[in-house]
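What follows is the content of entry.pdb, which has PDB, C-alpha atoms, pLDDT in the B column:
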MODEL        1
ATOM      1  CA  MET A  14      -1.062 -22.507  10.009  1.00 61.00           C
ATOM      2  CA  LYS A  15       1.971 -20.768   8.539  1.00 77.00           C
ATOM      3  CA  GLN A  16       3.766 -18.333  10.839  1.00 90.00           C
ATOM      4  CA  PHE A  17       4.173 -14.945   9.161  1.00 95.00           C
ATOM      5  CA  ARG A  18       7.216 -12.789   9.955  1.00 96.00           C
ATOM      6  CA  LYS A  19       6.853  -9.837   7.593  1.00 97.00           C
ATOM      7  CA  ILE A  20       3.473  -8.627   6.418  1.00 98.00           C
ATOM      8  CA  LEU A  21       3.057  -6.031   3.677  1.00 98.00           C
ATOM      9  CA  LEU A  22      -0.183  -4.057   3.746  1.00 98.00           C
ATOM     10  CA  VAL A  23      -1.031  -1.962   0.689  1.00 96.00           C
ATOM     11  CA  LEU A  24      -3.308   0.961   1.524  1.00 94.00           C
ATOM     12  CA  ASP A  25      -5.313   3.150  -0.814  1.00 87.00           C
ATOM     13  CA  PRO A  26      -5.001   6.622   0.733  1.00 81.00           C
ATOM     14  CA  GLU A  27      -8.094   7.838  -1.121  1.00 81.00           C
ATOM     15  CA  ALA A  28     -10.385   5.225   0.437  1.00 83.00           C
ATOM     16  CA  GLN A  29     -12.631   6.435   3.249  1.00 81.00           C
ATOM     17  CA  GLN A  30     -12.390   3.147   5.140  1.00 83.00           C
ATOM     18  CA  GLN A  31      -9.442   0.810   5.529  1.00 86.00           C
ATOM     19  CA  PRO A  32     -10.873  -2.565   6.598  1.00 87.00           C
ATOM     20  CA  ALA A  33      -7.613  -4.365   5.854  1.00 91.00           C
ATOM     21  CA  LEU A  34      -5.676  -2.167   8.285  1.00 93.00           C
ATOM     22  CA  GLU A  35      -7.207  -3.605  11.451  1.00 90.00           C
ATOM     23  CA  ARG A  36      -7.003  -7.160  10.095  1.00 92.00           C
ATOM     24  CA  ALA A  37      -3.354  -6.783   9.150  1.00 95.00           C
ATOM     25  CA  SER A  38      -2.537  -5.293  12.546  1.00 94.00           C
ATOM     26  CA  GLU A  39      -4.338  -8.100  14.346  1.00 93.00           C
ATOM     27  CA  LEU A  40      -2.568 -10.714  12.234  1.00 94.00           C
ATOM     28  CA  ALA A  41       0.809  -9.073  12.882  1.00 94.00           C
ATOM     29  CA  ARG A  42       0.186  -9.108  16.648  1.00 92.00           C
ATOM     30  CA  LEU A  43      -1.016 -12.715  16.538  1.00 93.00           C
ATOM     31  CA  HIS A  44       2.097 -13.877  14.674  1.00 94.00           C
ATOM     32  CA  GLY A  45       4.590 -11.475  16.248  1.00 93.00           C
ATOM     33  CA  ALA A  46       5.256 -10.162  12.742  1.00 95.00           C
ATOM     34  CA  SER A  47       6.344  -6.751  11.569  1.00 95.00           C
ATOM     35  CA  LEU A  48       3.818  -4.788   9.531  1.00 97.00           C
ATOM     36  CA  HIS A  49       5.064  -2.748   6.598  1.00 98.00           C
ATOM     37  CA  VAL A  50       2.447  -0.348   5.217  1.00 98.00           C
ATOM     38  CA  LEU A  51       2.890   0.715   1.602  1.00 98.00           C
ATOM     39  CA  THR A  52       1.016   3.300  -0.422  1.00 96.00           C
ATOM     40  CA  VAL A  53       1.727   3.664  -4.117  1.00 95.00           C
ATOM     41  CA  LEU A  54       0.888   7.054  -5.588  1.00 91.00           C
ATOM     42  CA  GLU A  55       0.410   7.112  -9.341  1.00 85.00           C
ATOM     43  CA  ASP A  56       3.288   8.861 -11.026  1.00 81.00           C
ATOM     44  CA  LEU A  57       2.845  10.987 -14.127  1.00 71.00           C
ATOM     45  CA  PRO A  58       4.095   9.791 -17.523  1.00 69.00           C
ATOM     46  CA  LEU A  59       7.642  10.977 -18.250  1.00 68.00           C
ATOM     47  CA  GLU A  60       6.563  13.318 -21.047  1.00 68.00           C
ATOM     48  CA  LEU A  61       4.057  15.033 -18.790  1.00 68.00           C
ATOM     49  CA  LYS A  62       6.558  15.278 -15.924  1.00 66.00           C
ATOM     50  CA  ILE A  63       9.043  17.028 -18.210  1.00 67.00           C
ATOM     51  CA  LEU A  64       6.351  19.386 -19.461  1.00 66.00           C
ATOM     52  CA  LEU A  65       5.115  20.228 -15.969  1.00 66.00           C
ATOM     53  CA  SER A  66       8.493  20.344 -14.241  1.00 67.00           C
ATOM     54  CA  ALA A  67       8.984  24.018 -15.040  1.00 63.00           C
ATOM     55  CA  ALA A  68       5.499  25.030 -13.947  1.00 61.00           C
ATOM     56  CA  TYR A  69       5.124  22.629 -11.010  1.00 65.00           C
ATOM     57  CA  PRO A  70       8.388  22.071  -9.230  1.00 63.00           C
ATOM     58  CA  ARG A  71       9.202  19.276  -6.851  1.00 73.00           C
ATOM     59  CA  GLN A  72       7.345  21.051  -4.041  1.00 76.00           C
ATOM     60  CA  LEU A  73       3.986  20.002  -5.505  1.00 77.00           C
ATOM     61  CA  ARG A  74       4.924  16.341  -5.400  1.00 81.00           C
ATOM     62  CA  GLU A  75       6.332  16.732  -1.886  1.00 87.00           C
ATOM     63  CA  ARG A  76       3.148  18.460  -0.723  1.00 87.00           C
ATOM     64  CA  ILE A  77       0.974  15.641  -2.092  1.00 86.00           C
ATOM     65  CA  GLU A  78       3.165  13.060  -0.370  1.00 92.00           C
ATOM     66  CA  LEU A  79       3.053  14.981   2.920  1.00 95.00           C
ATOM     67  CA  GLN A  80      -0.756  15.168   2.783  1.00 93.00           C
ATOM     68  CA  GLN A  81      -1.007  11.422   2.186  1.00 93.00           C
ATOM     69  CA  ARG A  82       1.547  10.639   4.893  1.00 95.00           C
ATOM     70  CA  THR A  83      -0.330  12.801   7.424  1.00 95.00           C
ATOM     71  CA  ARG A  84      -3.617  11.097   6.587  1.00 93.00           C
ATOM     72  CA  ILE A  85      -2.178   7.590   6.817  1.00 94.00           C
ATOM     73  CA  GLU A  86      -0.229   8.313  10.013  1.00 95.00           C
ATOM     74  CA  ALA A  87      -3.534   9.307  11.644  1.00 94.00           C
ATOM     75  CA  TRP A  88      -4.880   5.834  10.794  1.00 93.00           C
ATOM     76  CA  LEU A  89      -1.719   4.150  12.081  1.00 95.00           C
ATOM     77  CA  ALA A  90      -1.403   6.058  15.378  1.00 96.00           C
ATOM     78  CA  PRO A  91      -3.889   3.902  17.360  1.00 94.00           C
ATOM     79  CA  LEU A  92      -2.191   0.728  16.142  1.00 93.00           C
ATOM     80  CA  ARG A  93       1.225   2.014  17.199  1.00 93.00           C
ATOM     81  CA  GLU A  94      -0.214   2.790  20.636  1.00 94.00           C
ATOM     82  CA  GLN A  95      -1.325  -0.848  20.860  1.00 90.00           C
ATOM     83  CA  GLY A  96       2.267  -1.908  20.255  1.00 87.00           C
ATOM     84  CA  THR A  97       2.095  -2.961  16.604  1.00 88.00           C
ATOM     85  CA  ASP A  98       5.512  -2.789  14.923  1.00 86.00           C
ATOM     86  CA  LEU A  99       4.717  -0.536  11.934  1.00 93.00           C
ATOM     87  CA  HIS A 100       6.687   1.002   9.106  1.00 96.00           C
ATOM     88  CA  LEU A 101       5.136   3.329   6.506  1.00 97.00           C
ATOM     89  CA  ASP A 102       6.499   3.772   3.001  1.00 97.00           C
ATOM     90  CA  ILE A 103       5.059   5.961   0.251  1.00 96.00           C
ATOM     91  CA  GLN A 104       6.283   5.396  -3.287  1.00 95.00           C
ATOM     92  CA  TRP A 105       5.577   6.987  -6.644  1.00 92.00           C
ATOM     93  CA  HIS A 106       5.219   4.604  -9.565  1.00 91.00           C
ATOM     94  CA  ARG A 107       3.320   4.465 -12.840  1.00 89.00           C
ATOM     95  CA  VAL A 108       2.497   0.759 -12.450  1.00 93.00           C
ATOM     96  CA  ALA A 109       1.319  -0.003  -8.919  1.00 93.00           C
ATOM     97  CA  PHE A 110       1.581  -3.794  -9.037  1.00 95.00           C
ATOM     98  CA  LEU A 111       5.251  -3.592 -10.080  1.00 96.00           C
ATOM     99  CA  ALA A 112       6.063  -1.329  -7.143  1.00 97.00           C
ATOM    100  CA  ILE A 113       4.249  -3.709  -4.789  1.00 97.00           C
ATOM    101  CA  ILE A 114       6.000  -6.825  -6.111  1.00 98.00           C
ATOM    102  CA  ARG A 115       9.388  -5.089  -5.913  1.00 98.00           C
ATOM    103  CA  GLU A 116       8.645  -4.226  -2.292  1.00 98.00           C
ATOM    104  CA  VAL A 117       7.734  -7.857  -1.545  1.00 98.00           C
ATOM    105  CA  LEU A 118      11.005  -9.049  -3.085  1.00 98.00           C
ATOM    106  CA  ARG A 119      13.175  -6.291  -1.593  1.00 97.00           C
ATOM    107  CA  HIS A 120      12.044  -6.933   1.989  1.00 97.00           C
ATOM    108  CA  ASP A 121      11.236 -10.655   1.752  1.00 97.00           C
ATOM    109  CA  HIS A 122       7.601 -10.264   2.822  1.00 98.00           C
ATOM    110  CA  ASP A 123       5.768 -13.518   3.354  1.00 95.00           C
ATOM    111  CA  LEU A 124       2.203 -12.155   3.157  1.00 97.00           C
ATOM    112  CA  LEU A 125       0.605  -9.346   1.142  1.00 98.00           C
ATOM    113  CA  ILE A 126      -2.677  -7.844   2.319  1.00 96.00           C
ATOM    114  CA  LYS A 127      -4.514  -5.464   0.025  1.00 92.00           C
ATOM    115  CA  THR A 128      -8.067  -4.202  -0.063  1.00 81.00           C
ATOM    116  CA  THR A 129      -9.634  -4.871  -3.440  1.00 71.00           C
ATOM    117  CA  GLU A 130     -10.406  -1.844  -5.542  1.00 63.00           C
ATOM    118  CA  GLY A 131     -13.944  -1.354  -6.764  1.00 55.00           C
ATOM    119  CA  THR A 132     -16.013  -2.727  -3.899  1.00 52.00           C
ATOM    120  CA  THR A 133     -19.322  -1.308  -5.107  1.00 52.00           C
ATOM    121  CA  GLY A 134     -21.481  -2.042  -8.140  1.00 52.00           C
ATOM    122  CA  ALA A 135     -19.811  -4.312 -10.675  1.00 51.00           C
ATOM    123  CA  GLY A 136     -16.566  -3.996  -8.699  1.00 49.00           C
ATOM    124  CA  VAL A 137     -17.966  -6.456  -6.187  1.00 46.00           C
ATOM    125  CA  PHE A 138     -17.619  -9.192  -8.800  1.00 46.00           C
ATOM    126  CA  LEU A 139     -14.625  -7.967 -10.791  1.00 51.00           C
ATOM    127  CA  PHE A 140     -11.131  -7.316  -9.499  1.00 63.00           C
ATOM    128  CA  HIS A 141      -9.173  -4.240 -10.511  1.00 76.00           C
ATOM    129  CA  PRO A 142      -6.274  -4.999 -12.921  1.00 83.00           C
ATOM    130  CA  THR A 143      -3.739  -4.298 -10.137  1.00 86.00           C
ATOM    131  CA  ASP A 144      -5.405  -6.929  -7.956  1.00 87.00           C
ATOM    132  CA  ARG A 145      -5.467  -9.477 -10.775  1.00 90.00           C
ATOM    133  CA  HIS A 146      -1.772  -8.897 -11.530  1.00 90.00           C
ATOM    134  CA  LEU A 147      -0.896  -9.350  -7.867  1.00 93.00           C
ATOM    135  CA  MET A 148      -2.888 -12.569  -7.557  1.00 91.00           C
ATOM    136  CA  ARG A 149      -1.080 -13.990 -10.585  1.00 93.00           C
ATOM    137  CA  LYS A 150       2.443 -12.628 -10.141  1.00 94.00           C
ATOM    138  CA  CYS A 151       3.114 -11.903  -6.471  1.00 96.00           C
ATOM    139  CA  PRO A 152       5.789 -14.233  -5.021  1.00 95.00           C
ATOM    140  CA  CYS A 153       4.008 -14.465  -1.648  1.00 97.00           C
ATOM    141  CA  PRO A 154       0.395 -15.238  -0.684  1.00 93.00           C
ATOM    142  CA  VAL A 155      -2.076 -12.396  -1.324  1.00 94.00           C
ATOM    143  CA  TRP A 156      -4.964 -11.816   1.037  1.00 89.00           C
TER     144      TRP A 156
ENDMDL
END

Written form, structure tokens:
Amino acid sequence: MKQFRKILLVLDPEAQQQPALERASELARLHGASLHVLTVLEDLPLELKILLSAAYPRQLRERIELQQRTRIEAWLAPLREQGTDLHLDIQWHRVAFLAIIREVLRHDHDLLIKTTEGTTGAGVFLFHPTDRHLMRKCPCPVW
């Protein structure tokens, strides 16, 4: 089995459960790998950002990011206590799969773990477009 050194876990901060989090942590401990946790928040289109910039200053975006960071840090705290080497990064991007692939390339990750989106109803059988793009274009294995 391949030895992983750097694992990238992509979390959906809106999901109620994060089944991939425990698996990624366990895999990181097993391999002695670092675990980089990434959340990509959907950025507004440029035209809308310009329009809203006067009415909604940067503080709104910062408040959203702080709320997400607080929520995710609560999930990560028990894993840190167990000794898992964790790093959290929150990014804003209009196209999530591009942000994820850039992160893989920038930090030379050798495994990407991501929970599939749409795990109920028809989503059980169909992958979200982000997941399909990652399976086709990601330079490292996707789990």

On this structure, the PyMOL selection byres ((chain A and resi 18) around 7) would catch which residues? List them as a PDB file with C-alpha atoms, keeping the file's coordinate frame, sorted by chain and number.
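Generated output (selection13.pdb):
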ATOM      1  CA  GLN A  16       3.766 -18.333  10.839  1.00 90.00           C
ATOM      2  CA  PHE A  17       4.173 -14.945   9.161  1.00 95.00           C
ATOM      3  CA  LYS A  19       6.853  -9.837   7.593  1.00 97.00           C
ATOM      4  CA  ILE A  20       3.473  -8.627   6.418  1.00 98.00           C
ATOM      5  CA  GLY A  45       4.590 -11.475  16.248  1.00 93.00           C
ATOM      6  CA  ALA A  46       5.256 -10.162  12.742  1.00 95.00           C
ATOM      7  CA  SER A  47       6.344  -6.751  11.569  1.00 95.00           C
ATOM      8  CA  ASP A 123       5.768 -13.518   3.354  1.00 95.00           C
TER       9      ASP A 123
END

Worksheet item: Quick one: distance from atom CA of Thr52 of chain A to atom CA of Gln81 of chain A in Å, one decimal?
Response: 8.8 Å

Written as a PDB file with C-alpha atoms, in the frame of the given file, what is the full residue list that the PyMOL selection byres ((chain A and resi 106-120) around 8) yields on the file shown?
ATOM      1  CA  LEU A  21       3.057  -6.031   3.677  1.00 98.00           C
ATOM      2  CA  VAL A  23      -1.031  -1.962   0.689  1.00 96.00           C
ATOM      3  CA  LEU A  51       2.890   0.715   1.602  1.00 98.00           C
ATOM      4  CA  VAL A  53       1.727   3.664  -4.117  1.00 95.00           C
ATOM      5  CA  LEU A  54       0.888   7.054  -5.588  1.00 91.00           C
ATOM      6  CA  GLU A  55       0.410   7.112  -9.341  1.00 85.00           C
ATOM      7  CA  ASP A  56       3.288   8.861 -11.026  1.00 81.00           C
ATOM      8  CA  LEU A  57       2.845  10.987 -14.127  1.00 71.00           C
ATOM      9  CA  PRO A  58       4.095   9.791 -17.523  1.00 69.00           C
ATOM     10  CA  GLN A 104       6.283   5.396  -3.287  1.00 95.00           C
ATOM     11  CA  TRP A 105       5.577   6.987  -6.644  1.00 92.00           C
ATOM     12  CA  ASP A 121      11.236 -10.655   1.752  1.00 97.00           C
ATOM     13  CA  HIS A 122       7.601 -10.264   2.822  1.00 98.00           C
ATOM     14  CA  ASP A 123       5.768 -13.518   3.354  1.00 95.00           C
ATOM     15  CA  LEU A 125       0.605  -9.346   1.142  1.00 98.00           C
ATOM     16  CA  THR A 143      -3.739  -4.298 -10.137  1.00 86.00           C
ATOM     17  CA  ASP A 144      -5.405  -6.929  -7.956  1.00 87.00           C
ATOM     18  CA  HIS A 146      -1.772  -8.897 -11.530  1.00 90.00           C
ATOM     19  CA  LEU A 147      -0.896  -9.350  -7.867  1.00 93.00           C
ATOM     20  CA  LYS A 150       2.443 -12.628 -10.141  1.00 94.00           C
ATOM     21  CA  CYS A 151       3.114 -11.903  -6.471  1.00 96.00           C
ATOM     22  CA  PRO A 152       5.789 -14.233  -5.021  1.00 95.00           C
ATOM     23  CA  CYS A 153       4.008 -14.465  -1.648  1.00 97.00           C
TER      24      CYS A 153
END

Where is the centre and how long are the edges: axis-aligned box on segment 120-129 of chain A, 6 Å on each side, Å to one decimal, as AutoDock Vina command-line options:
--center_x 1.2 --center_y -8.9 --center_z 0.0 --size_x 33.7 --size_y 21.3 --size_z 18.8

Worksheet item: Any idea what the distance is between atom CA of Trp88 of chain A and atom CA of Thr129 of chain A?
Response: 18.4 Å

Fill in: Evaluate the PyMOL selection byres ((chain A and resi 26) around 12) and report residues as a PyMOL selection string
chain A and resi 23-25+27-31+34+50-55+77-88+103+128+130

Item to complete: Considering all atoms listed in the file, state which residue in the set A:Arg74, A:His49, A:Lys15, A:Arg149 is at the smallest distance from Ile126 of chain A.
Response: A:His49

Fill in: Distance in Å - atom CA of Leu48 of chain A versus atom CA of Thr97 of chain A
7.5 Å

Fill in: Nearest residue to Arg42 of chain A from the set A:Leu101, A:Leu22, A:Trp156, A:Leu92 (distances using all atoms listed in the file)
A:Leu92
